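Asker: Below is the file my_file_20.txt, which contains compact mmCIF, N, CA and C atoms.
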# COMPACT_ATOMS: atom_id res chain seq x y z
N MET S 207 0.85 -1.18 0.00
CA MET S 207 0.00 0.00 0.00
C MET S 207 0.89 1.24 0.00
N GLU S 208 0.59 2.15 -0.88
CA GLU S 208 1.39 3.37 -1.01
C GLU S 208 0.69 4.51 -0.29
N THR S 209 1.46 5.29 0.48
CA THR S 209 0.88 6.43 1.19
C THR S 209 1.00 7.68 0.33
N SER S 210 -0.02 8.49 0.37
CA SER S 210 0.01 9.73 -0.39
C SER S 210 0.76 10.79 0.41
N PRO S 211 1.32 11.78 -0.24
CA PRO S 211 2.05 12.83 0.47
C PRO S 211 1.20 13.61 1.46
N ALA S 212 -0.12 13.66 1.24
CA ALA S 212 -1.00 14.42 2.13
C ALA S 212 -1.14 13.75 3.49
N THR S 213 -0.99 12.42 3.57
CA THR S 213 -1.16 11.75 4.85
C THR S 213 0.16 11.59 5.61
N THR S 214 1.28 11.83 4.96
CA THR S 214 2.56 11.73 5.62
C THR S 214 2.77 12.95 6.52
N PRO S 215 3.02 12.74 7.82
CA PRO S 215 3.20 13.91 8.69
C PRO S 215 4.49 14.64 8.35
N VAL S 216 4.38 15.96 8.24
CA VAL S 216 5.53 16.79 7.90
C VAL S 216 6.10 17.35 9.20
N LYS S 217 7.40 17.23 9.35
CA LYS S 217 8.06 17.67 10.56
C LYS S 217 8.39 19.16 10.47
N GLU S 218 8.07 19.88 11.52
CA GLU S 218 8.39 21.30 11.57
C GLU S 218 9.89 21.45 11.79
N PHE S 219 10.52 22.37 11.05
CA PHE S 219 11.95 22.58 11.21
C PHE S 219 12.30 24.05 11.07
N ALA S 220 13.52 24.37 11.51
CA ALA S 220 14.04 25.73 11.38
C ALA S 220 15.50 25.65 10.98
N ILE S 221 15.99 26.71 10.40
CA ILE S 221 17.41 26.82 10.08
C ILE S 221 17.98 27.93 10.93
N ILE S 222 18.97 27.57 11.76
CA ILE S 222 19.58 28.54 12.67
C ILE S 222 21.04 28.77 12.26
N GLN S 223 21.58 29.89 12.70
CA GLN S 223 22.98 30.21 12.43
C GLN S 223 23.69 30.39 13.76
N THR S 224 24.81 29.66 13.93
CA THR S 224 25.65 29.81 15.12
C THR S 224 27.05 29.34 14.79
N GLY S 225 28.03 30.02 15.31
CA GLY S 225 29.41 29.63 15.09
C GLY S 225 29.85 29.72 13.64
N GLY S 226 29.23 30.60 12.85
CA GLY S 226 29.59 30.74 11.45
C GLY S 226 29.03 29.66 10.56
N LYS S 227 28.17 28.81 11.10
CA LYS S 227 27.58 27.72 10.32
C LYS S 227 26.06 27.77 10.44
N GLN S 228 25.38 27.09 9.53
CA GLN S 228 23.93 27.01 9.56
C GLN S 228 23.52 25.56 9.79
N TYR S 229 22.49 25.36 10.61
CA TYR S 229 22.02 24.02 10.97
C TYR S 229 20.51 23.93 10.77
N GLN S 230 20.05 22.82 10.20
CA GLN S 230 18.63 22.55 10.09
C GLN S 230 18.24 21.73 11.31
N VAL S 231 17.32 22.25 12.13
CA VAL S 231 16.95 21.60 13.38
C VAL S 231 15.44 21.47 13.48
N SER S 232 15.01 20.47 14.23
CA SER S 232 13.61 20.32 14.59
C SER S 232 13.56 19.82 16.03
N VAL S 233 12.39 19.83 16.62
CA VAL S 233 12.25 19.47 18.03
C VAL S 233 12.69 18.02 18.23
N GLY S 234 13.54 17.80 19.24
CA GLY S 234 14.03 16.47 19.55
C GLY S 234 15.37 16.14 18.92
N ASP S 235 15.86 16.96 18.00
CA ASP S 235 17.15 16.70 17.36
C ASP S 235 18.30 16.97 18.32
N GLU S 236 19.40 16.23 18.13
CA GLU S 236 20.65 16.50 18.84
C GLU S 236 21.64 16.99 17.80
N VAL S 237 22.21 18.18 18.02
CA VAL S 237 23.07 18.82 17.05
C VAL S 237 24.41 19.13 17.70
N LYS S 238 25.51 18.86 16.98
CA LYS S 238 26.85 19.25 17.44
C LYS S 238 27.16 20.61 16.83
N ILE S 239 27.41 21.59 17.69
CA ILE S 239 27.72 22.94 17.22
C ILE S 239 29.09 23.37 17.74
N GLU S 240 29.59 24.46 17.18
CA GLU S 240 30.85 25.05 17.65
C GLU S 240 30.67 25.51 19.09
N LYS S 241 31.78 25.54 19.82
CA LYS S 241 31.76 25.98 21.21
C LYS S 241 31.25 27.42 21.30
N LEU S 242 30.35 27.68 22.24
CA LEU S 242 29.80 29.02 22.45
C LEU S 242 30.69 29.80 23.41
N THR S 243 30.80 31.10 23.19
CA THR S 243 31.59 31.92 24.10
C THR S 243 30.82 32.13 25.40
N GLY S 244 31.53 32.20 26.48
CA GLY S 244 30.91 32.38 27.79
C GLY S 244 31.05 31.12 28.63
N GLU S 245 30.54 31.21 29.84
CA GLU S 245 30.61 30.09 30.78
C GLU S 245 29.35 29.24 30.66
N TYR S 246 29.50 28.02 30.17
CA TYR S 246 28.38 27.09 30.04
C TYR S 246 28.79 25.75 30.64
N LYS S 247 27.80 25.02 31.14
CA LYS S 247 28.04 23.65 31.62
C LYS S 247 26.90 22.77 31.12
N GLU S 248 27.08 21.47 31.23
CA GLU S 248 26.06 20.54 30.77
C GLU S 248 24.77 20.76 31.56
N GLY S 249 23.65 20.78 30.85
CA GLY S 249 22.35 21.01 31.46
C GLY S 249 21.86 22.44 31.32
N ASP S 250 22.74 23.36 30.91
CA ASP S 250 22.32 24.75 30.72
C ASP S 250 21.40 24.89 29.52
N LYS S 251 20.49 25.86 29.62
CA LYS S 251 19.59 26.17 28.51
C LYS S 251 20.23 27.24 27.64
N VAL S 252 20.08 27.09 26.32
CA VAL S 252 20.60 28.08 25.38
C VAL S 252 19.47 28.49 24.43
N VAL S 253 19.53 29.74 23.97
CA VAL S 253 18.54 30.27 23.04
C VAL S 253 19.27 30.79 21.81
N PHE S 254 18.85 30.33 20.64
CA PHE S 254 19.40 30.79 19.38
C PHE S 254 18.41 31.77 18.77
N ASP S 255 18.83 33.03 18.62
CA ASP S 255 17.91 34.04 18.09
C ASP S 255 18.17 34.36 16.62
N LYS S 256 19.24 33.82 16.04
CA LYS S 256 19.49 34.00 14.61
C LYS S 256 18.81 32.87 13.84
N VAL S 257 17.50 33.01 13.65
CA VAL S 257 16.71 32.02 12.93
C VAL S 257 16.51 32.54 11.51
N LEU S 258 16.99 31.77 10.53
CA LEU S 258 16.96 32.21 9.14
C LEU S 258 15.70 31.77 8.41
N LEU S 259 15.12 30.62 8.82
CA LEU S 259 13.96 30.08 8.12
C LEU S 259 13.18 29.20 9.08
N VAL S 260 11.85 29.25 8.98
CA VAL S 260 10.98 28.37 9.76
C VAL S 260 9.95 27.77 8.80
N ASP S 261 9.79 26.44 8.85
CA ASP S 261 8.82 25.74 8.01
C ASP S 261 8.00 24.83 8.90
N ASN S 262 6.69 25.01 8.93
CA ASN S 262 5.83 24.18 9.76
C ASN S 262 5.01 23.18 8.95
N GLY S 263 5.36 22.98 7.69
CA GLY S 263 4.66 22.01 6.86
C GLY S 263 3.65 22.64 5.93
N SER S 264 2.99 23.71 6.36
CA SER S 264 2.01 24.34 5.50
C SER S 264 2.51 25.66 4.92
N ASP S 265 3.28 26.41 5.72
CA ASP S 265 3.83 27.65 5.19
C ASP S 265 5.27 27.83 5.67
N THR S 266 6.02 28.60 4.90
CA THR S 266 7.44 28.83 5.18
C THR S 266 7.67 30.31 5.41
N THR S 267 8.42 30.63 6.45
CA THR S 267 8.79 32.01 6.74
C THR S 267 10.29 32.14 6.54
N ILE S 268 10.69 33.05 5.66
CA ILE S 268 12.09 33.27 5.36
C ILE S 268 12.48 34.64 5.88
N GLY S 269 13.60 34.71 6.60
CA GLY S 269 14.06 35.97 7.17
C GLY S 269 14.86 36.78 6.18
N THR S 270 15.00 38.07 6.49
CA THR S 270 15.79 38.96 5.64
C THR S 270 16.79 39.73 6.49
N PRO S 271 17.89 39.27 6.97
CA PRO S 271 18.38 37.90 6.89
C PRO S 271 17.86 37.00 8.01
N VAL S 272 17.39 37.58 9.14
CA VAL S 272 16.85 36.75 10.22
C VAL S 272 15.39 37.10 10.45
N ILE S 273 14.67 36.18 11.09
CA ILE S 273 13.25 36.39 11.40
C ILE S 273 13.17 37.10 12.75
N ALA S 274 12.55 38.27 12.78
CA ALA S 274 12.42 39.03 14.01
C ALA S 274 11.47 38.31 14.97
N GLY S 275 11.90 38.14 16.21
CA GLY S 275 11.07 37.53 17.23
C GLY S 275 11.11 36.01 17.26
N ALA S 276 11.77 35.39 16.31
CA ALA S 276 11.85 33.92 16.28
C ALA S 276 13.04 33.46 17.12
N SER S 277 12.88 32.31 17.77
CA SER S 277 13.98 31.75 18.56
C SER S 277 13.86 30.24 18.62
N VAL S 278 14.99 29.60 18.85
CA VAL S 278 15.05 28.15 19.04
C VAL S 278 15.70 27.91 20.38
N LYS S 279 15.04 27.10 21.22
CA LYS S 279 15.56 26.83 22.56
C LYS S 279 16.07 25.40 22.64
N GLY S 280 17.17 25.24 23.37
CA GLY S 280 17.76 23.92 23.52
C GLY S 280 18.48 23.78 24.84
N THR S 281 18.96 22.56 25.11
CA THR S 281 19.69 22.24 26.33
C THR S 281 21.02 21.61 25.94
N ILE S 282 22.08 22.02 26.63
CA ILE S 282 23.40 21.44 26.38
C ILE S 282 23.44 20.07 27.03
N THR S 283 23.62 19.02 26.22
CA THR S 283 23.68 17.66 26.75
C THR S 283 25.10 17.16 26.93
N LYS S 284 26.04 17.75 26.16
CA LYS S 284 27.42 17.27 26.23
C LYS S 284 28.37 18.38 25.81
N ILE S 285 29.47 18.54 26.56
CA ILE S 285 30.54 19.44 26.19
C ILE S 285 31.79 18.58 26.06
N SER S 286 32.36 18.55 24.88
CA SER S 286 33.48 17.65 24.64
C SER S 286 34.38 18.19 23.55
N ARG S 287 35.33 17.34 23.13
CA ARG S 287 36.20 17.69 22.02
C ARG S 287 36.14 16.56 21.01
N ALA S 288 36.25 16.92 19.74
CA ALA S 288 36.16 15.95 18.65
C ALA S 288 37.43 15.10 18.61
N ALA S 289 37.43 14.12 17.74
CA ALA S 289 38.60 13.25 17.57
C ALA S 289 39.80 14.06 17.09
N LYS S 290 40.98 13.59 17.42
CA LYS S 290 42.20 14.31 17.09
C LYS S 290 42.46 14.29 15.58
N VAL S 291 42.83 15.44 15.06
CA VAL S 291 43.23 15.59 13.67
C VAL S 291 44.73 15.84 13.68
N ILE S 292 45.48 15.04 12.93
CA ILE S 292 46.92 15.18 12.86
C ILE S 292 47.28 16.05 11.65
N VAL S 293 48.10 17.08 11.88
CA VAL S 293 48.56 17.98 10.83
C VAL S 293 50.06 17.79 10.69
N ILE S 294 50.53 17.43 9.49
CA ILE S 294 51.95 17.20 9.24
C ILE S 294 52.42 18.13 8.13
N LYS S 295 53.53 18.81 8.41
CA LYS S 295 54.19 19.65 7.40
C LYS S 295 55.55 19.01 7.14
N TYR S 296 55.87 18.77 5.88
CA TYR S 296 57.09 18.06 5.53
C TYR S 296 57.67 18.60 4.25
N LYS S 297 58.98 18.81 4.24
CA LYS S 297 59.69 19.18 3.01
C LYS S 297 60.85 18.20 2.84
N GLN S 298 60.86 17.56 1.72
CA GLN S 298 61.90 16.55 1.49
C GLN S 298 63.27 17.19 1.29
N LYS S 299 64.29 16.46 1.61
CA LYS S 299 65.70 16.83 1.42
C LYS S 299 66.16 18.01 2.25
N SER S 300 65.31 18.54 3.14
CA SER S 300 65.73 19.70 3.92
C SER S 300 65.60 19.47 5.42
N ARG S 301 65.28 18.25 5.82
CA ARG S 301 65.13 17.88 7.24
C ARG S 301 64.06 18.72 7.95
N TYR S 302 63.00 19.07 7.22
CA TYR S 302 61.92 19.85 7.80
C TYR S 302 60.72 18.94 8.00
N PHE S 303 60.30 18.78 9.27
CA PHE S 303 59.17 17.93 9.61
C PHE S 303 58.51 18.50 10.85
N LYS S 304 57.24 18.85 10.74
CA LYS S 304 56.46 19.33 11.89
C LYS S 304 55.21 18.48 11.98
N LYS S 305 54.86 18.08 13.20
CA LYS S 305 53.67 17.28 13.43
C LYS S 305 52.90 17.89 14.59
N ASN S 306 51.65 18.23 14.34
CA ASN S 306 50.79 18.82 15.36
C ASN S 306 49.46 18.07 15.41
N GLY S 307 48.87 18.01 16.59
CA GLY S 307 47.54 17.43 16.74
C GLY S 307 46.57 18.52 17.20
N HIS S 308 45.29 18.38 16.84
CA HIS S 308 44.28 19.36 17.22
C HIS S 308 42.97 18.65 17.52
N ARG S 309 42.34 19.02 18.63
CA ARG S 309 41.00 18.52 18.96
C ARG S 309 40.06 19.71 19.09
N GLN S 310 39.07 19.77 18.20
CA GLN S 310 38.14 20.90 18.16
C GLN S 310 37.07 20.72 19.23
N PRO S 311 36.88 21.73 20.11
CA PRO S 311 35.81 21.62 21.11
C PRO S 311 34.43 21.81 20.46
N TYR S 312 33.42 21.14 21.03
CA TYR S 312 32.05 21.28 20.53
C TYR S 312 31.06 21.15 21.66
N PHE S 313 29.84 21.63 21.42
CA PHE S 313 28.70 21.45 22.32
C PHE S 313 27.69 20.58 21.59
N GLN S 314 27.10 19.64 22.31
CA GLN S 314 25.99 18.86 21.76
C GLN S 314 24.71 19.41 22.38
N ILE S 315 23.79 19.84 21.53
CA ILE S 315 22.57 20.52 21.96
C ILE S 315 21.36 19.68 21.60
N LYS S 316 20.42 19.51 22.56
CA LYS S 316 19.13 18.87 22.28
C LYS S 316 18.11 19.98 22.12
N ILE S 317 17.45 20.02 20.95
CA ILE S 317 16.49 21.08 20.64
C ILE S 317 15.18 20.82 21.38
N GLU S 318 14.73 21.82 22.13
CA GLU S 318 13.51 21.69 22.94
C GLU S 318 12.29 22.30 22.25
N SER S 319 12.44 23.51 21.69
CA SER S 319 11.26 24.15 21.08
C SER S 319 11.67 25.12 19.99
N LEU S 320 10.75 25.32 19.06
CA LEU S 320 10.90 26.30 17.98
C LEU S 320 9.79 27.35 18.17
N LYS S 321 10.13 28.62 18.15
CA LYS S 321 9.12 29.66 18.28
C LYS S 321 9.31 30.71 17.24
Using structure tokens, write down the structure that the file contains.
Answerer:
Amino acid sequence: METSPATTPVKEFAIIQTGGKQYQVSVGDEVKIEKLTGEYKEGDKVVFDKVLLVDNGSDTTIGTPVIAGASVKGTITKISRAAKVIVIKYKQKSRYFKKNGHRQPYFQIKIESLK
């Protein structure tokens, strides 16, 4: 049996901007974002006010560039660092070799509500 598009429930979503990146989020999603400036700990509530687009299934609101009065609320579930990335600089025949490691910090956010 094939379902028609009209009976398929459409999930409400928003596009937010944080840390120089854009994320498509909906209620219940867990998103890894760049570390936020300021003092935060796990369990803190965060509000994203740079909402670029909101779609509730029937109509879409697009900001110019952001939607005034719109916000996305979430909770920090994890503060950690990503896997290590190894950076190697090497020049042959000149005895030049540099090796560095880097772990990028991130916040994992659980989206609570879209407004």
Asker: What lies within 5 Å of Gly307 (chain S) using all atoms listed in the file, ignoring chain neighbours under 2 positions off, as an MDAnalysis selection string?
Answerer: chainID S and resid 291:293 305 309
Asker: Quick one: residues within 6.5 Å of region 235-249 of chain S, all atoms listed in the file, excluding same-chain residues fewer than 4 positions away - as a count of residues only?
Answerer: 16
Asker: Residues within 7 Å of Ser232 (chain S), please, as a CSV table (one decimal) with N, CA and C atoms, in the coordinates of the input. Count only C-alpha atoms; anything in the same chain fewer than 6 positions from it doesn't count.
Answerer:
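Written out: selection-v1.csv:
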chain,number,residue,atom,x,y,z
S,218,GLU,N,8.1,19.9,11.5
S,218,GLU,CA,8.4,21.3,11.6
S,218,GLU,C,9.9,21.4,11.8
S,219,PHE,N,10.5,22.4,11.0
S,219,PHE,CA,12.0,22.6,11.2
S,219,PHE,C,12.3,24.0,11.1
S,220,ALA,N,13.5,24.4,11.5
S,220,ALA,CA,14.0,25.7,11.4
S,220,ALA,C,15.5,25.6,11.0
S,317,ILE,N,17.4,20.0,21.0
S,317,ILE,CA,16.5,21.1,20.6
S,317,ILE,C,15.2,20.8,21.4
Asker: Would you be able to write out as a ChimeraX atom specification which residues have an atom within 12 Å of (12.8, 34.9, 6.4) in the file's coordinates, counting only C-alpha atoms?
Answerer: /S:220-222,256-261,265-276
Asker: So, counting only C-alpha atoms, which residue among S:Val216, S:Val233, S:Ala289, S:Val252 is closest to His308 (chain S)?
Answerer: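 Closest to His308 (chain S) of all the choices is S:Ala289.
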Asker: Quick check, in Å to one decimal: how far apart do CA of Ser286 (chain S) and CA of Asp250 (chain S) lie?
Answerer: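 Atom-to-atom, CA of Ser286 (chain S) to CA of Asp250 (chain S), that is 14.6 Å.
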Asker: For atom N of Lys217 (chain S) and atom N of Leu320 (chain S), determine how far apart the two atoms are, in Å to one decimal place.
Answerer: 13.1 Å
Asker: What is the distance between CA of Ala288 (chain S) and CA of Ser319 (chain S), in Å to one decimal?
Answerer: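 Straight-line distance from CA of Ala288 (chain S) to CA of Ser319 (chain S) works out to 26.3 Å.
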Asker: Could you give me the residues within region 237-310 of chain S that DSSP places in strand (DSSP E), as a ChimeraX atom specification?
Answerer: /S:237-240,251-254,257-261,266-268,278-287,291-297,302-308
Asker: Could you work out an axis-aligned bounding box for all listed atoms of region 240-251 of chain S, with 6 Å added on each of the six sides, and give its centre and edge lengths in Å to one decimal, as AutoDock Vina command-line options?
Answerer:
--center_x 25.7 --center_y 26.5 --center_z 24.4 --size_x 24.2 --size_y 23.8 --size_z 26.4
